[in-house]
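**Student:** Dropping in model-v8.pdb, with PDB, C-alpha atoms.
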```
MODEL        1
ATOM      1  CA  MET A   1     -12.612  16.958  17.494
ATOM      2  CA  LYS A   2      -9.940  15.000  19.327
ATOM      3  CA  TYR A   3     -10.037  12.046  16.933
ATOM      4  CA  LEU A   4      -9.460  14.066  13.776
ATOM      5  CA  LYS A   5      -5.686  13.544  13.757
ATOM      6  CA  PHE A   6      -6.134   9.778  13.902
ATOM      7  CA  ILE A   7      -8.575   9.833  11.000
ATOM      8  CA  LEU A   8      -6.243  11.987   8.899
ATOM      9  CA  LEU A   9      -3.258   9.790   9.719
ATOM     10  CA  GLY A  10      -5.333   6.772   8.705
ATOM     11  CA  VAL A  11      -6.226   8.422   5.393
ATOM     12  CA  LEU A  12      -2.554   9.073   4.583
ATOM     13  CA  PHE A  13      -1.565   5.557   5.649
ATOM     14  CA  GLY A  14      -4.366   4.080   3.538
ATOM     15  CA  ILE A  15      -3.356   6.053   0.445
ATOM     16  CA  ALA A  16       0.313   5.071   0.819
ATOM     17  CA  LEU A  17      -0.424   1.354   1.212
ATOM     18  CA  ALA A  18      -2.907   1.356  -1.650
ATOM     19  CA  LYS A  19      -0.582   3.246  -3.992
ATOM     20  CA  ALA A  20       2.421   1.061  -3.151
ATOM     21  CA  GLU A  21       0.242  -2.004  -3.931
ATOM     22  CA  ILE A  22       0.957  -3.519  -0.524
ATOM     23  CA  ILE A  23      -2.741  -4.315  -0.257
ATOM     24  CA  SER A  24      -2.756  -6.272  -3.508
ATOM     25  CA  TRP A  25      -3.014 -10.056  -3.169
ATOM     26  CA  TYR A  26      -0.551 -10.371  -6.056
ATOM     27  CA  ARG A  27       2.190  -8.538  -4.136
ATOM     28  CA  ILE A  28       1.792 -10.816  -1.110
ATOM     29  CA  TYR A  29       1.919 -13.913  -3.303
ATOM     30  CA  GLU A  30       4.994 -12.535  -5.073
ATOM     31  CA  MET A  31       6.651 -11.865  -1.715
ATOM     32  CA  PHE A  32       6.137 -15.443  -0.532
ATOM     33  CA  GLN A  33       7.537 -16.650  -3.877
ATOM     34  CA  PHE A  34      10.623 -14.439  -3.339
ATOM     35  CA  ASP A  35      10.202 -13.166  -6.907
ATOM     36  CA  ALA A  36      10.528  -9.439  -6.235
ATOM     37  CA  PHE A  37      12.214  -7.072  -3.841
ATOM     38  CA  HIS A  38       9.217  -4.733  -3.533
ATOM     39  CA  MET A  39       7.588  -5.992  -0.306
ATOM     40  CA  TYR A  40      10.949  -6.637   1.334
ATOM     41  CA  GLY A  41      11.960  -3.093   0.435
ATOM     42  CA  VAL A  42       8.780  -1.707   1.986
ATOM     43  CA  ILE A  43       8.958  -3.672   5.237
ATOM     44  CA  GLY A  44      12.770  -3.507   5.435
ATOM     45  CA  SER A  45      12.996   0.256   4.988
ATOM     46  CA  ALA A  46      10.122   0.758   7.450
ATOM     47  CA  VAL A  47      11.923  -1.334  10.063
ATOM     48  CA  VAL A  48      15.359   0.266   9.511
ATOM     49  CA  LEU A  49      13.862   3.734   9.870
ATOM     50  CA  GLY A  50      11.694   2.464  12.739
ATOM     51  CA  VAL A  51      14.732   1.215  14.681
ATOM     52  CA  ILE A  52      16.373   4.621  14.270
ATOM     53  CA  ILE A  53      13.196   6.420  15.373
ATOM     54  CA  VAL A  54      12.784   4.241  18.479
ATOM     55  CA  GLN A  55      16.454   4.726  19.422
ATOM     56  CA  ILE A  56      16.143   8.500  19.069
ATOM     57  CA  ILE A  57      12.950   8.507  21.172
ATOM     58  CA  LYS A  58      14.601   6.429  23.903
ATOM     59  CA  ARG A  59      17.903   8.302  24.017
ATOM     60  CA  SER A  60      16.367  11.753  23.928
ATOM     61  CA  GLU A  61      13.641  10.675  26.400
ATOM     62  CA  MET A  62      11.153  12.232  24.020
ATOM     63  CA  LYS A  63       7.774  13.314  25.322
ATOM     64  CA  ASP A  64       4.498  12.827  23.528
ATOM     65  CA  LEU A  65       1.847  15.388  22.636
ATOM     66  CA  ASN A  66       0.504  15.330  26.211
ATOM     67  CA  GLY A  67       3.923  15.931  27.751
ATOM     68  CA  GLU A  68       4.341  12.363  28.947
ATOM     69  CA  GLN A  69       7.476  10.402  28.234
ATOM     70  CA  ILE A  70       7.116   7.884  25.405
ATOM     71  CA  THR A  71       7.708   4.392  26.795
ATOM     72  CA  PHE A  72       7.976   0.944  25.251
ATOM     73  CA  ASN A  73       6.733  -2.206  26.916
ATOM     74  CA  ASP A  74       8.704  -5.401  26.510
ATOM     75  CA  LYS A  75       6.559  -8.180  25.109
ATOM     76  CA  ASN A  76       6.091 -11.282  27.267
ATOM     77  CA  ARG A  77       8.720 -13.955  26.813
ATOM     78  CA  SER A  78       7.374 -17.004  25.049
ATOM     79  CA  ILE A  79       8.025 -18.975  21.922
ATOM     80  CA  ALA A  80       4.893 -21.112  21.487
ATOM     81  CA  ARG A  81       2.388 -18.290  21.335
ATOM     82  CA  TYR A  82       4.327 -16.240  18.802
ATOM     83  CA  LEU A  83       5.323 -19.158  16.613
ATOM     84  CA  ILE A  84       1.929 -20.916  16.592
ATOM     85  CA  GLY A  85      -0.104 -17.730  16.461
ATOM     86  CA  GLY A  86       2.191 -16.309  13.801
ATOM     87  CA  THR A  87       1.837 -19.456  11.684
ATOM     88  CA  PHE A  88      -1.965 -19.256  11.774
ATOM     89  CA  PHE A  89      -1.700 -15.612  10.820
ATOM     90  CA  GLY A  90       0.666 -16.339   7.930
ATOM     91  CA  LEU A  91      -1.636 -19.027   6.531
ATOM     92  CA  GLY A  92      -4.472 -16.530   6.365
ATOM     93  CA  TRP A  93      -2.300 -13.653   5.148
ATOM     94  CA  ALA A  94      -1.070 -15.672   2.150
ATOM     95  CA  LEU A  95      -4.542 -17.037   1.362
ATOM     96  CA  VAL A  96      -6.473 -13.763   1.194
ATOM     97  CA  GLY A  97      -3.444 -11.520   0.671
ATOM     98  CA  ALA A  98      -4.483  -9.061   3.331
ATOM     99  CA  CYS A  99      -3.503  -8.442   6.929
ATOM    100  CA  PRO A 100      -5.768  -6.338   9.180
ATOM    101  CA  GLY A 101      -4.661  -2.892   7.935
ATOM    102  CA  PRO A 102      -5.083  -3.676   4.238
ATOM    103  CA  MET A 103      -8.498  -5.289   4.899
ATOM    104  CA  PHE A 104      -9.915  -1.921   5.853
ATOM    105  CA  ILE A 105      -8.109  -0.099   3.032
ATOM    106  CA  LEU A 106      -9.459  -2.582   0.468
ATOM    107  CA  LEU A 107     -12.971  -1.924   1.710
ATOM    108  CA  GLY A 108     -12.492   1.748   0.856
ATOM    109  CA  TYR A 109     -10.944   0.715  -2.442
ATOM    110  CA  GLY A 110     -14.341  -0.725  -3.286
ATOM    111  CA  TYR A 111     -13.847  -4.487  -2.994
ATOM    112  CA  LEU A 112     -17.014  -5.669  -1.276
ATOM    113  CA  PRO A 113     -15.912  -9.340  -0.901
ATOM    114  CA  ILE A 114     -13.354  -8.083   1.640
ATOM    115  CA  LEU A 115     -16.301  -7.614   4.027
ATOM    116  CA  VAL A 116     -16.448 -11.399   4.332
ATOM    117  CA  VAL A 117     -12.718 -11.442   5.147
ATOM    118  CA  ILE A 118     -13.231  -8.778   7.829
ATOM    119  CA  ALA A 119     -16.173 -10.733   9.259
ATOM    120  CA  GLY A 120     -13.948 -13.831   9.320
ATOM    121  CA  ALA A 121     -11.206 -11.897  11.107
ATOM    122  CA  ILE A 122     -13.634 -10.659  13.763
ATOM    123  CA  LEU A 123     -14.941 -14.201  14.183
ATOM    124  CA  GLY A 124     -11.380 -15.546  14.458
ATOM    125  CA  THR A 125     -10.594 -12.954  17.120
ATOM    126  CA  TYR A 126     -13.730 -13.928  19.029
ATOM    127  CA  VAL A 127     -12.925 -17.646  18.844
ATOM    128  CA  TYR A 128      -9.408 -16.928  20.093
ATOM    129  CA  GLY A 129     -10.923 -15.099  23.066
ATOM    130  CA  LEU A 130     -13.115 -18.132  23.771
ATOM    131  CA  LEU A 131     -10.306 -20.680  23.499
ATOM    132  CA  ARG A 132      -7.603 -18.535  25.108
ATOM    133  CA  PRO A 133      -7.528 -20.318  28.499
ATOM    134  CA  LYS A 134      -7.032 -23.682  26.757
ATOM    135  CA  LEU A 135      -4.323 -22.684  24.265
ATOM    136  CA  PRO A 136      -0.569 -22.966  24.959
ATOM    137  CA  HIS A 137       0.988 -19.534  25.352
TER     138      HIS A 137
ATOM    139  CA  MET B   1       0.915  16.520  -9.439
ATOM    140  CA  ILE B   2      -2.137  14.214  -9.392
ATOM    141  CA  GLU B   3      -0.675  12.362 -12.348
ATOM    142  CA  PHE B   4       2.642  11.962 -10.533
ATOM    143  CA  LEU B   5       0.915  10.620  -7.410
ATOM    144  CA  SER B   6      -1.222   8.297  -9.503
ATOM    145  CA  GLN B   7       1.717   6.138 -10.530
ATOM    146  CA  PRO B   8       2.458   3.142  -8.303
ATOM    147  CA  TRP B   9       4.539   4.354  -5.340
ATOM    148  CA  PRO B  10       7.982   2.778  -4.950
ATOM    149  CA  TRP B  11       8.994   0.841  -1.824
ATOM    150  CA  PHE B  12      11.327   3.593  -0.643
ATOM    151  CA  VAL B  13       8.366   5.939  -0.321
ATOM    152  CA  ALA B  14       5.957   3.459   1.264
ATOM    153  CA  GLY B  15       8.421   2.048   3.830
ATOM    154  CA  PRO B  16       9.330   5.420   5.387
ATOM    155  CA  PHE B  17       5.644   6.382   5.233
ATOM    156  CA  ILE B  18       4.833   3.374   7.434
ATOM    157  CA  ALA B  19       7.663   4.214   9.867
ATOM    158  CA  LEU B  20       6.409   7.798  10.121
ATOM    159  CA  THR B  21       2.879   6.520  10.796
ATOM    160  CA  MET B  22       4.302   4.510  13.702
ATOM    161  CA  PHE B  23       6.179   7.575  14.952
ATOM    162  CA  SER B  24       3.089   9.800  14.692
ATOM    163  CA  LEU B  25       1.045   7.373  16.785
ATOM    164  CA  LEU B  26       3.813   7.184  19.406
ATOM    165  CA  TYR B  27       3.899  10.985  19.453
ATOM    166  CA  PHE B  28       0.128  11.015  19.943
ATOM    167  CA  GLY B  29       0.696   8.770  22.993
ATOM    168  CA  LYS B  30      -0.569   5.594  21.278
ATOM    169  CA  ASN B  31       0.824   2.491  19.607
ATOM    170  CA  PHE B  32       0.753   1.306  16.006
ATOM    171  CA  GLY B  33      -1.184  -1.965  15.754
ATOM    172  CA  VAL B  34      -4.233  -2.366  13.550
ATOM    173  CA  SER B  35      -5.435  -5.848  14.581
ATOM    174  CA  GLY B  36      -6.237  -4.584  18.087
ATOM    175  CA  ASN B  37      -9.324  -3.096  16.457
ATOM    176  CA  LEU B  38     -10.752  -6.562  15.881
ATOM    177  CA  ARG B  39     -10.657  -7.203  19.625
ATOM    178  CA  THR B  40     -12.174  -3.787  20.245
ATOM    179  CA  ILE B  41     -15.013  -4.553  17.818
ATOM    180  CA  CYS B  42     -15.735  -7.809  19.685
ATOM    181  CA  ALA B  43     -15.748  -5.944  23.001
ATOM    182  CA  ALA B  44     -17.948  -3.155  21.639
ATOM    183  CA  GLY B  45     -20.336  -5.832  20.378
ATOM    184  CA  GLY B  46     -20.801  -7.117  23.922
ATOM    185  CA  ALA B  47     -18.449 -10.128  23.909
ATOM    186  CA  GLY B  48     -17.100  -8.990  27.297
ATOM    187  CA  SER B  49     -20.290 -10.172  28.979
ATOM    188  CA  HIS B  50     -19.244 -13.814  28.656
ATOM    189  CA  VAL B  51     -15.554 -13.874  27.611
ATOM    190  CA  ASP B  52     -12.961 -12.334  29.920
ATOM    191  CA  PHE B  53     -10.582 -11.529  27.070
ATOM    192  CA  PHE B  54     -13.069  -8.928  25.848
ATOM    193  CA  LYS B  55     -13.727  -7.444  29.270
ATOM    194  CA  PHE B  56     -11.877  -4.134  29.053
ATOM    195  CA  ASP B  57     -12.670  -0.476  28.582
ATOM    196  CA  TRP B  58     -12.911  -0.565  24.789
ATOM    197  CA  LYS B  59     -13.840   3.102  24.622
ATOM    198  CA  LYS B  60     -10.178   3.885  25.286
ATOM    199  CA  GLN B  61      -9.456   2.289  21.905
ATOM    200  CA  ILE B  62     -11.796   4.464  19.879
ATOM    201  CA  TRP B  63      -8.777   6.384  18.549
ATOM    202  CA  ASN B  64      -7.642   3.165  16.828
ATOM    203  CA  LEU B  65     -11.079   2.555  15.323
ATOM    204  CA  MET B  66     -10.887   6.128  14.005
ATOM    205  CA  PHE B  67      -7.484   5.362  12.484
ATOM    206  CA  ALA B  68      -9.007   2.294  10.769
ATOM    207  CA  LEU B  69     -11.922   4.428   9.586
ATOM    208  CA  GLY B  70      -9.379   6.816   8.106
ATOM    209  CA  THR B  71      -7.665   3.985   6.230
ATOM    210  CA  ILE B  72     -11.009   3.110   4.607
ATOM    211  CA  GLY B  73     -11.145   6.732   3.464
ATOM    212  CA  GLY B  74      -7.550   6.468   2.255
ATOM    213  CA  GLY B  75      -8.412   3.426   0.136
ATOM    214  CA  PHE B  76     -11.350   5.319  -1.315
ATOM    215  CA  VAL B  77      -9.232   8.381  -2.168
ATOM    216  CA  ALA B  78      -6.502   6.227  -3.714
ATOM    217  CA  TYR B  79      -8.991   4.406  -5.925
ATOM    218  CA  GLN B  80     -11.201   7.339  -6.798
ATOM    219  CA  PHE B  81      -8.663  10.105  -7.362
ATOM    220  CA  LEU B  82      -5.177   8.644  -7.587
ATOM    221  CA  THR B  83      -5.518   5.612  -9.808
ATOM    222  CA  ILE B  84      -5.353   5.705 -13.580
ATOM    223  CA  ASP B  85      -4.098   2.191 -14.183
ATOM    224  CA  GLN B  86      -5.474  -0.776 -12.204
ATOM    225  CA  THR B  87      -2.782  -3.224 -13.216
ATOM    226  CA  VAL B  88      -0.150  -4.521 -10.802
ATOM    227  CA  ALA B  89       3.276  -4.923 -12.400
ATOM    228  CA  ILE B  90       4.204  -8.226 -10.774
ATOM    229  CA  SER B  91       7.300 -10.064 -11.893
ATOM    230  CA  GLN B  92       7.183 -12.333 -14.923
ATOM    231  CA  ARG B  93       8.040 -15.381 -12.832
ATOM    232  CA  THR B  94       5.160 -14.786 -10.433
ATOM    233  CA  ALA B  95       2.783 -14.321 -13.360
ATOM    234  CA  GLU B  96       3.937 -17.598 -14.892
ATOM    235  CA  LYS B  97       3.512 -19.492 -11.620
ATOM    236  CA  LEU B  98      -0.005 -18.095 -11.257
ATOM    237  CA  ASN B  99      -0.825 -19.051 -14.830
ATOM    238  CA  GLU B 100       0.207 -22.594 -14.063
ATOM    239  CA  ILE B 101      -2.223 -22.931 -11.171
ATOM    240  CA  GLY B 102      -5.071 -21.462 -13.171
ATOM    241  CA  PHE B 103      -5.045 -17.696 -12.634
ATOM    242  CA  ALA B 104      -5.971 -16.270 -16.037
ATOM    243  CA  ASN B 105      -4.455 -12.771 -16.201
ATOM    244  CA  PRO B 106      -2.225 -12.214 -13.186
ATOM    245  CA  GLY B 107      -1.801  -8.526 -12.387
ATOM    246  CA  ALA B 108      -4.381  -7.335 -14.947
ATOM    247  CA  GLU B 109      -6.563  -6.135 -12.082
ATOM    248  CA  TYR B 110      -5.662  -4.871  -8.629
ATOM    249  CA  LEU B 111      -6.900  -8.084  -6.966
ATOM    250  CA  PRO B 112      -7.337 -11.526  -8.578
ATOM    251  CA  PRO B 113     -10.942 -12.086  -9.759
ATOM    252  CA  GLU B 114     -10.295 -15.756  -8.942
ATOM    253  CA  ILE B 115     -10.722 -14.771  -5.283
ATOM    254  CA  PHE B 116     -12.370 -11.346  -5.079
ATOM    255  CA  SER B 117     -15.030 -11.228  -7.815
ATOM    256  CA  MET B 118     -18.727 -10.941  -6.996
ATOM    257  CA  GLU B 119     -19.130 -14.290  -8.732
ATOM    258  CA  LYS B 120     -16.772 -15.933  -6.214
ATOM    259  CA  LEU B 121     -18.463 -14.129  -3.364
ATOM    260  CA  THR B 122     -21.748 -15.785  -4.236
ATOM    261  CA  SER B 123     -20.326 -19.307  -4.602
ATOM    262  CA  LEU B 124     -19.862 -21.569  -1.602
ATOM    263  CA  PRO B 125     -16.165 -22.421  -2.172
ATOM    264  CA  GLY B 126     -15.379 -18.763  -2.914
ATOM    265  CA  LEU B 127     -17.160 -17.602   0.204
ATOM    266  CA  ALA B 128     -15.437 -20.289   2.302
ATOM    267  CA  ILE B 129     -11.973 -19.167   1.150
ATOM    268  CA  LEU B 130     -12.656 -15.526   2.058
ATOM    269  CA  LEU B 131     -14.120 -16.447   5.431
ATOM    270  CA  LEU B 132     -11.397 -18.964   6.294
ATOM    271  CA  GLY B 133      -8.596 -16.604   5.296
ATOM    272  CA  GLY B 134     -10.046 -13.839   7.436
ATOM    273  CA  PHE B 135     -10.600 -16.237  10.325
ATOM    274  CA  LEU B 136      -6.962 -17.382  10.275
ATOM    275  CA  VAL B 137      -5.712 -13.788  10.189
ATOM    276  CA  GLY B 138      -7.928 -12.732  13.098
ATOM    277  CA  PHE B 139      -7.281 -15.836  15.198
ATOM    278  CA  GLY B 140      -3.547 -15.824  14.491
ATOM    279  CA  ALA B 141      -3.079 -12.112  15.088
ATOM    280  CA  ARG B 142      -4.619 -12.286  18.558
ATOM    281  CA  TYR B 143      -2.896 -15.560  19.414
ATOM    282  CA  ALA B 144       0.455 -14.027  18.439
ATOM    283  CA  GLY B 145      -0.460 -10.761  20.146
ATOM    284  CA  GLY B 146      -0.169  -8.636  17.021
ATOM    285  CA  CYS B 147      -0.141  -8.506  13.245
ATOM    286  CA  THR B 148       2.145  -7.019  10.636
ATOM    287  CA  SER B 149       1.931  -3.528  12.124
ATOM    288  CA  GLY B 150       2.224  -4.587  15.765
ATOM    289  CA  HIS B 151       4.988  -7.168  15.356
ATOM    290  CA  ALA B 152       6.778  -6.722  12.014
ATOM    291  CA  ILE B 153       6.896  -2.918  12.252
ATOM    292  CA  SER B 154       6.428  -1.773  15.879
ATOM    293  CA  GLY B 155       7.980  -4.833  17.530
ATOM    294  CA  LEU B 156      10.990  -5.208  15.236
ATOM    295  CA  SER B 157      11.630  -1.449  15.444
ATOM    296  CA  ASP B 158      11.952  -1.908  19.205
ATOM    297  CA  LEU B 159      14.184  -4.976  18.619
ATOM    298  CA  GLN B 160      11.738  -7.272  20.406
ATOM    299  CA  ILE B 161      12.713 -10.949  20.094
ATOM    300  CA  PRO B 162       9.072 -12.130  20.502
ATOM    301  CA  SER B 163       8.154 -10.064  17.438
ATOM    302  CA  LEU B 164      10.944 -11.690  15.458
ATOM    303  CA  ILE B 165       9.560 -15.108  16.449
ATOM    304  CA  ALA B 166       6.095 -13.980  15.360
ATOM    305  CA  VAL B 167       7.451 -12.820  11.987
ATOM    306  CA  VAL B 168       9.160 -16.212  11.536
ATOM    307  CA  GLY B 169       5.724 -17.730  12.214
ATOM    308  CA  PHE B 170       4.153 -15.402   9.610
ATOM    309  CA  PHE B 171       6.567 -16.822   7.052
ATOM    310  CA  ILE B 172       6.138 -20.458   8.088
ATOM    311  CA  GLY B 173       2.390 -20.042   7.588
ATOM    312  CA  GLY B 174       2.699 -17.890   4.480
ATOM    313  CA  LEU B 175       5.142 -20.187   2.713
ATOM    314  CA  THR B 176       3.102 -23.279   3.597
ATOM    315  CA  MET B 177      -0.012 -21.661   2.145
ATOM    316  CA  THR B 178       1.747 -20.352  -0.964
ATOM    317  CA  TYR B 179       3.697 -23.495  -1.877
ATOM    318  CA  PHE B 180       1.493 -26.340  -0.659
ATOM    319  CA  ILE B 181      -2.097 -25.267  -0.094
ATOM    320  CA  ILE B 182      -2.861 -22.626  -2.754
ATOM    321  CA  PRO B 183      -1.868 -25.002  -5.615
ATOM    322  CA  LEU B 184      -4.321 -27.527  -4.150
ATOM    323  CA  ILE B 185      -7.336 -25.243  -3.831
ATOM    324  CA  PHE B 186      -7.120 -23.336  -7.125
TER     325      PHE B 186
ENDMDL
END
```
Would you mind writing the file out in structure tokens?
**Tutor:**
Amino acid sequence: MKYLKFILLGVLFGIALAKAEIISWYRIYEMFQFDAFHMYGVIGSAVVLGVIIVQIIKRSEMKDLNGEQITFNDKNRSIARYLIGGTFFGLGWALVGACPGPMFILLGYGYLPILVVIAGAILGTYVYGLLRPKLPH
Amino acid sequence: MIEFLSQPWPWFVAGPFIALTMFSLLYFGKNFGVSGNLRTICAAGGAGSHVDFFKFDWKKQIWNLMFALGTIGGGFVAYQFLTIDQTVAISQRTAEKLNEIGFANPGAEYLPPEIFSMEKLTSLPGLAILLLGGFLVGFGARYAGGCTSGHAISGLSDLQIPSLIAVVGFFIGGLTMTYFIIPLIF
């Protein structure tokens, strides 16, 4: 089954985020209060290691599993879309304490109310698709 | 071993774990970004028939849905087999601030019952908060072209300025909610 590796990777990722309490509302609130290093340590160490990984991939012209070179696409230049979109995202992230990854993990963790959050996120995505031509990007 | 894994994991384990997840997906020929699934779900539900944004071959994104499915399993395993203690050891200052705005026992459970209890789920204000929060996350993630995984991890790892701008936006929104709006609604 060609999707098995993605499922297994998701399981490991889900366990790690759950066990490090990154999916707990309290940790997100604490992060935005700047009261603990925990979340900054998680994201900071992920990014530092991530920068090193990306540099190694680029410099060694690493190939993926299928033998094709791993490439990175530059994101479109803009300020409005990232700043406005990011602000909306942050408002929601701090309110329900979950970004898209943790939403799914929390469902497995057994919190049924998160289903409403996921439904809201799907609805928000749909409404963005509807309004997209009218929004500044 | 199980007992060891059942303690809360420190940041220096979780951070590298996330970076290695990103690397694994790159090695599999994909990209790390969870919120893309929300768009895929809309497309799979038929939204492409009347909204161009959802008109794409969503079946090529099934791998990402499978990754999300795996994370649900990961949450289940963590709760069922690797958790002895449900408390979250948040800092004293955070606990005090939460007490002040009416949260009874901050950190006593994994998530605050003030937001995630079945009682809240069945009340109109409680339901509205959950739905609105989710809506903002979904709307904002697509507007910004990515979420925490796509921008804060993948984008910053590739030193993308747009991702840095998005992360600044995450904090503008997050700080506004935490300092000005949450004290008003709880």
**Student:** Show me a table, sorted first by chain and then by increasing residue number, of the residues of stretch 55-90 of chain B having an atom at most 12 Å from stretch 34-54 of chain A, each with its shortest atom pair and the distance in Å to one decimal, counting all atoms listed in the file and written as CSV.
**Tutor:**
```
residue,atom,partner,partner_atom,distance
B:Val88,CA,A:His38,CA,11.9
B:Ala89,CA,A:Ala36,CA,10.5
B:Ile90,CA,A:Ala36,CA,7.9
```
**Student:** Would you work out the distance separating atom CA of B:Ile62 from atom CA of A:Ile57, expressed in Å to one decimal?
**Tutor:**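 Value for the atom CA of B:Ile62-atom CA of A:Ile57 distance: 25.1 Å.
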**Student:** Pick out the residues sitting within 12 Å of A:Met103, and hand them over as a PyMOL selection string; count all atoms listed in the file, and ignore anything fewer than 5 positions along from it in its own chain.
**Tutor:** (chain A and resi 14+17-18+22-25+93+96-98+108-122) or (chain B and resi 34-35+37-38+68-69+71-72+75+130+133-134+137-138)
**Student:** Considering all atoms listed in the file, can you say which of A:Leu91, A:Ile56, A:Ala16, A:Leu135 comes closest to A:Ile70?
**Tutor:**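 Once distances to A:Ile70 are computed over all atoms listed in the file, the minimum belongs to A:Ile56.
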**Student:** With distances taken over all atoms listed in the file, which of B:Ser123, B:Thr40, B:Asn99, B:Thr94 is nearest to chain A?
**Tutor:**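 Smallest distance to chain A is found for B:Thr94.
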**Student:** At what distance in Å, to one decimal, does atom CA of B:Phe170 lie from atom CA of A:Thr87?
**Tutor:**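 Computing it gives 5.1 Å between the two atoms.
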**Student:** With only C-alpha atoms as the basis for distance, which of B:Ala43, B:Leu26, B:Leu98, B:Met66 is at the shortest distance from B:Tyr179?
**Tutor:**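 That would be B:Leu98, the residue with the smallest distance to B:Tyr179.
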